[in-house]
Amino acid sequence: MEQTTSADTSDIGEGISLDRGLVVRHFRQIVLWPLQLMPIRDDLPIQKHCDFIQTQGFNNLWREVEDEFTGDPSQFQERHYSEFITFLPSVQRFLYGEGAGRGSGTNQESPIRVSRRTDIARVRMTYPDPRSVPVIFEVAHIDLYFFYDIDIVILAMEIFADDLPLACVEDTMLRFARGYPTYWESEGQGGHCLKKAEWLARDGTVLASSDYEHKEKYLSFVCQCRAPCIASHWEYLLEPLVLHHSGKTGLIRYRQIESHLLPLMAYLTIDNPAALTRGDFIRLGLAAAPDPSDSLPYSERHLCDFEDRYFYDRYWSEQDPKRPGTRFICSGRVLTQVSDCSDRFLAIRKTGLEQFRHEYFVLFLIAHFHKAAMLMLSDRLVDALNRLEPGNLESVRNFRHMIQ
């Protein structure tokens, strides 16, 4: 069985980039992948997708996650309470539903249904630099978020590791959250992708591997289907959901609505975050490639107002360089939290890991659900317009039905 990450990463910083001795004591990354679901059958409503993944006899590993609000009240924790009261009432009803309050007589469940698979325990990442060694990340959870009456599903995968060089963290943020390559290096590997990503079972068995290097597969798929295919390890992860344009059979089919760059959240604790340079923070905020600390990922003109637009420094104090606190960076696709790993700051509720994994995750999920829903509606409107024949009465009726 493979060694743990802390034992596997002694020289990876040197292999990836110039290593200044900065070590990320704890690193956690959550990748989101919004996908558009296709109708199962014309006579079934869209919301049946989450039921089909449970009941259609698939040899699948997804199991529905029980909501904390529908279980035993004695098991309801303070963490759940803190998460609940963070949001406005309208958001609370969207996330958690509405209980049978006095006079209402109804018990409205949450419009969100979550399914989880637990067979994948670790991810082994092999980086393109031949001097680097593979790194193993633990998997915290892999979930599918279904939304009632909206044909959107969001894959959420959370991984973590301890004691990684900063350069390794930056390279992981750059390369892991990619659905497919956009180009290929001269050596044949996918551009900006991992050399290999492998899903591992608890006993170390390789369940699936990436195929970014198979250039012909991606070229021929786009040529034939007018749509990009996805890497084999992500395809395996989503089963029994199948890519709509593929030749695979499956009732639950999905289409891509995002680019190859998947939304991600990153959480880092460092002994002294004040040692990070401006370039380091910008790279962490954009999931940019590792580079020397005194360099910038893009031009100074392009980044001149980056701090004003994307930094949130309510808990950050540069006046105390030994214990500066926590800095948040949100550039849209990427939300990064960098914290001082001292007990003083990790004890603050709004900057702790639990808030990152729950309250901030939910905020990130809502934002990308909204974006996915708008992209999905745009796609459906375009499809409806393409099918419309203004002089055909039946076509006009179908158009009105689709618009409704």
# chains A, B, ... in the order shown; residues from 1 in each chain; ligands from 1

$ residues_around --residues "segment 235-246 of chain A" --least-positions-apart "4" --cutoff "9 Å" --atoms "only C-alpha atoms" --output "number ranges by chain"
A: 37-38, 53, 58-62, 120, 142, 144, 155, 199, 207-209, 221, 225-231, 250-256

$ write_last_selection --atoms "C-alpha atoms" --output "short mmCIF file (atom, residue, chain, number, x, y, z; two decimals), in the first residue's frame"
data_model
loop_
_atom_site.label_atom_id
_atom_site.label_comp_id
_atom_site.auth_asym_id
_atom_site.auth_seq_id
_atom_site.Cartn_x
_atom_site.Cartn_y
_atom_site.Cartn_z
CA LEU A 37 -29.01 16.84 -17.32
CA MET A 38 -31.01 15.69 -20.31
CA ILE A 53 -29.85 6.95 -9.86
CA PHE A 58 -27.71 0.20 -11.86
CA ASN A 59 -24.63 -1.45 -10.49
CA ASN A 60 -23.81 1.93 -9.02
CA LEU A 61 -22.26 3.13 -5.79
CA TRP A 62 -24.21 6.33 -5.23
CA ILE A 120 -12.75 6.05 -3.95
CA ILE A 142 -17.58 12.75 -3.56
CA LEU A 144 -23.72 14.72 -6.61
CA LEU A 155 -20.36 17.09 -8.83
CA TRP A 199 -8.58 6.94 -8.27
CA LEU A 207 -10.04 1.99 -9.97
CA ALA A 208 -9.56 4.39 -12.89
CA SER A 209 -6.83 6.48 -14.52
CA PHE A 221 -14.74 12.97 -30.54
CA CYS A 225 -19.90 14.97 -32.00
CA ARG A 226 -19.23 18.74 -32.11
CA ALA A 227 -18.66 18.58 -28.36
CA PRO A 228 -15.63 17.88 -26.15
CA CYS A 229 -15.33 14.54 -24.40
CA ILE A 230 -14.04 14.26 -20.85
CA ALA A 231 -11.07 12.46 -19.36
CA GLY A 250 -27.67 5.13 -19.96
CA LEU A 251 -30.90 6.79 -18.92
CA ILE A 252 -29.21 9.63 -17.05
CA ARG A 253 -27.30 11.67 -19.60
CA TYR A 254 -25.44 14.94 -19.13
CA ARG A 255 -24.03 17.73 -21.25
CA GLN A 256 -21.20 20.07 -20.37
#

$ residues_around --residues "segment 180-185 of chain A" --least-positions-apart "4" --cutoff "10 Å" --atoms "only C-alpha atoms" --output "PyMOL selection string"
chain A and resi 175+189-194+210-215+218+228-232+234+259-261

$ write_last_selection --atoms "C-alpha atoms" --output "mmCIF file, in the first residue's frame"
data_model
loop_
_atom_site.group_PDB
_atom_site.id
_atom_site.type_symbol
_atom_site.label_atom_id
_atom_site.label_comp_id
_atom_site.auth_asym_id
_atom_site.auth_seq_id
_atom_site.Cartn_x
_atom_site.Cartn_y
_atom_site.Cartn_z
ATOM 1 C CA ARG A 175 -3.797 20.814 -12.965
ATOM 2 C CA GLN A 189 0.907 14.967 -22.416
ATOM 3 C CA GLY A 190 -2.184 17.146 -22.048
ATOM 4 C CA GLY A 191 -1.426 20.831 -21.643
ATOM 5 C CA HIS A 192 -1.794 22.134 -18.076
ATOM 6 C CA CYS A 193 -3.089 18.720 -17.014
ATOM 7 C CA LEU A 194 -1.655 16.152 -14.648
ATOM 8 C CA SER A 210 -6.748 9.607 -16.646
ATOM 9 C CA ASP A 211 -6.066 9.527 -20.382
ATOM 10 C CA TYR A 212 -5.098 13.131 -21.114
ATOM 11 C CA GLU A 213 -2.295 11.889 -23.373
ATOM 12 C CA HIS A 214 -4.686 10.140 -25.806
ATOM 13 C CA LYS A 215 -4.831 13.008 -28.266
ATOM 14 C CA TYR A 218 -10.257 13.938 -28.005
ATOM 15 C CA PRO A 228 -15.628 17.881 -26.148
ATOM 16 C CA CYS A 229 -15.333 14.542 -24.400
ATOM 17 C CA ILE A 230 -14.041 14.257 -20.851
ATOM 18 C CA ALA A 231 -11.073 12.456 -19.364
ATOM 19 C CA SER A 232 -11.598 8.793 -18.550
ATOM 20 C CA TRP A 234 -13.875 11.818 -14.561
ATOM 21 C CA SER A 259 -15.276 25.034 -19.861
ATOM 22 C CA HIS A 260 -12.429 22.630 -19.157
ATOM 23 C CA LEU A 261 -11.541 24.771 -16.126
#

$ select_by_dssp --residues "segment 197-238 of chain A" --states "strand (DSSP E or B)" --output "MDAnalysis selection string"
chainID A and resid 197:200 206:209

$ residues_around --residues "segment 294-310 of chain A" --least-positions-apart "4" --cutoff "12 Å" --atoms "only C-alpha atoms" --output "JSON list (two decimals) with C-alpha atoms, in the first residue's frame"
[["chain", "number", "residue", "atom", "x", "y", "z"],
["A", 18, "LEU", "CA", 11.97, 26.75, -7.06],
["A", 20, "ARG", "CA", 11.70, 28.50, -0.82],
["A", 170, "GLU", "CA", -0.01, 25.59, -6.71],
["A", 275, "ALA", "CA", 6.16, 35.18, 3.96],
["A", 276, "LEU", "CA", 4.02, 34.83, 0.83],
["A", 277, "THR", "CA", 4.67, 37.46, -1.82],
["A", 278, "ARG", "CA", 2.12, 39.34, -3.87],
["A", 279, "GLY", "CA", 2.81, 36.95, -6.73],
["A", 280, "ASP", "CA", 2.20, 33.95, -4.46],
["A", 281, "PHE", "CA", -1.19, 35.26, -3.36],
["A", 282, "ILE", "CA", -2.23, 36.06, -6.94],
["A", 283, "ARG", "CA", -1.21, 32.58, -8.12],
["A", 284, "LEU", "CA", -3.24, 31.03, -5.29],
["A", 285, "GLY", "CA", -6.21, 33.24, -6.16],
["A", 286, "LEU", "CA", -6.14, 32.35, -9.85],
["A", 287, "ALA", "CA", -4.91, 28.73, -9.65],
["A", 288, "ALA", "CA", -1.95, 29.80, -11.78],
["A", 289, "ALA", "CA", 1.24, 27.85, -12.42],
["A", 290, "PRO", "CA", 4.01, 27.86, -9.79],
["A", 327, "ARG", "CA", -6.83, 36.15, 3.79],
["A", 328, "PHE", "CA", -9.65, 35.26, 1.40],
["A", 329, "ILE", "CA", -9.22, 35.53, -2.38],
["A", 330, "CYS", "CA", -12.25, 35.08, -4.65],
["A", 331, "SER", "CA", -11.70, 35.50, -8.39],
["A", 332, "GLY", "CA", -14.92, 33.81, -9.53],
["A", 333, "ARG", "CA", -13.83, 30.35, -10.60],
["A", 334, "VAL", "CA", -11.47, 30.08, -7.63],
["A", 335, "LEU", "CA", -12.08, 30.76, -3.91],
["A", 336, "THR", "CA", -8.93, 30.48, -1.80],
["A", 337, "GLN", "CA", -8.48, 30.82, 1.96]]

$ closest_atom_pairs --of "segment 227-273 of chain A" --to "segment 355-361 of chain A" --cutoff "10 Å" --atoms "only C-alpha atoms" --output "tab-separated table"
residue	atom	partner	partner_atom	distance
A:Leu264	CA	A:Phe361	CA	9.8
A:Met265	CA	A:Phe361	CA	7.8
A:Ala266	CA	A:Phe356	CA	9.0
A:Tyr267	CA	A:Phe356	CA	7.5

$ closest_residue --among "A:Glu354, A:Glu216, A:Asp151, A:Glu258" --to "Pro34 of chain A" --atoms "only C-alpha atoms"
A:Glu258

$ closest_residue --among "A:Phe369, A:Phe137, A:Phe311, A:Tyr145" --to "Thr172 of chain A" --atoms "only C-alpha atoms"
A:Phe137

$ closest_residue --among "A:Cys341, A:Met125, A:Leu35, A:Leu262" --to "Ala274 of chain A" --atoms "only C-alpha atoms"
A:Cys341

$ atom_distance --atom1 "atom CA of Ser82 of chain A" --atom2 "atom CA of Ala373 of chain A"
27.5 Å

$ select_by_dssp --residues "segment 29-261 of chain A" --states "alpha helix (DSSP H)" --output "ChimeraX atom specification"
/A:49-55,78-85,89-96,166-175,215-225,232-238

$ atom_distance --atom1 "atom CA of Gly325 of chain A" --atom2 "atom CA of Ile136 of chain A"
28.4 Å

$ closest_residue --among "A:Phe160, A:Cys223, A:Phe364, A:Arg124" --to "Thr205 of chain A" --atoms "only C-alpha atoms"
A:Arg124
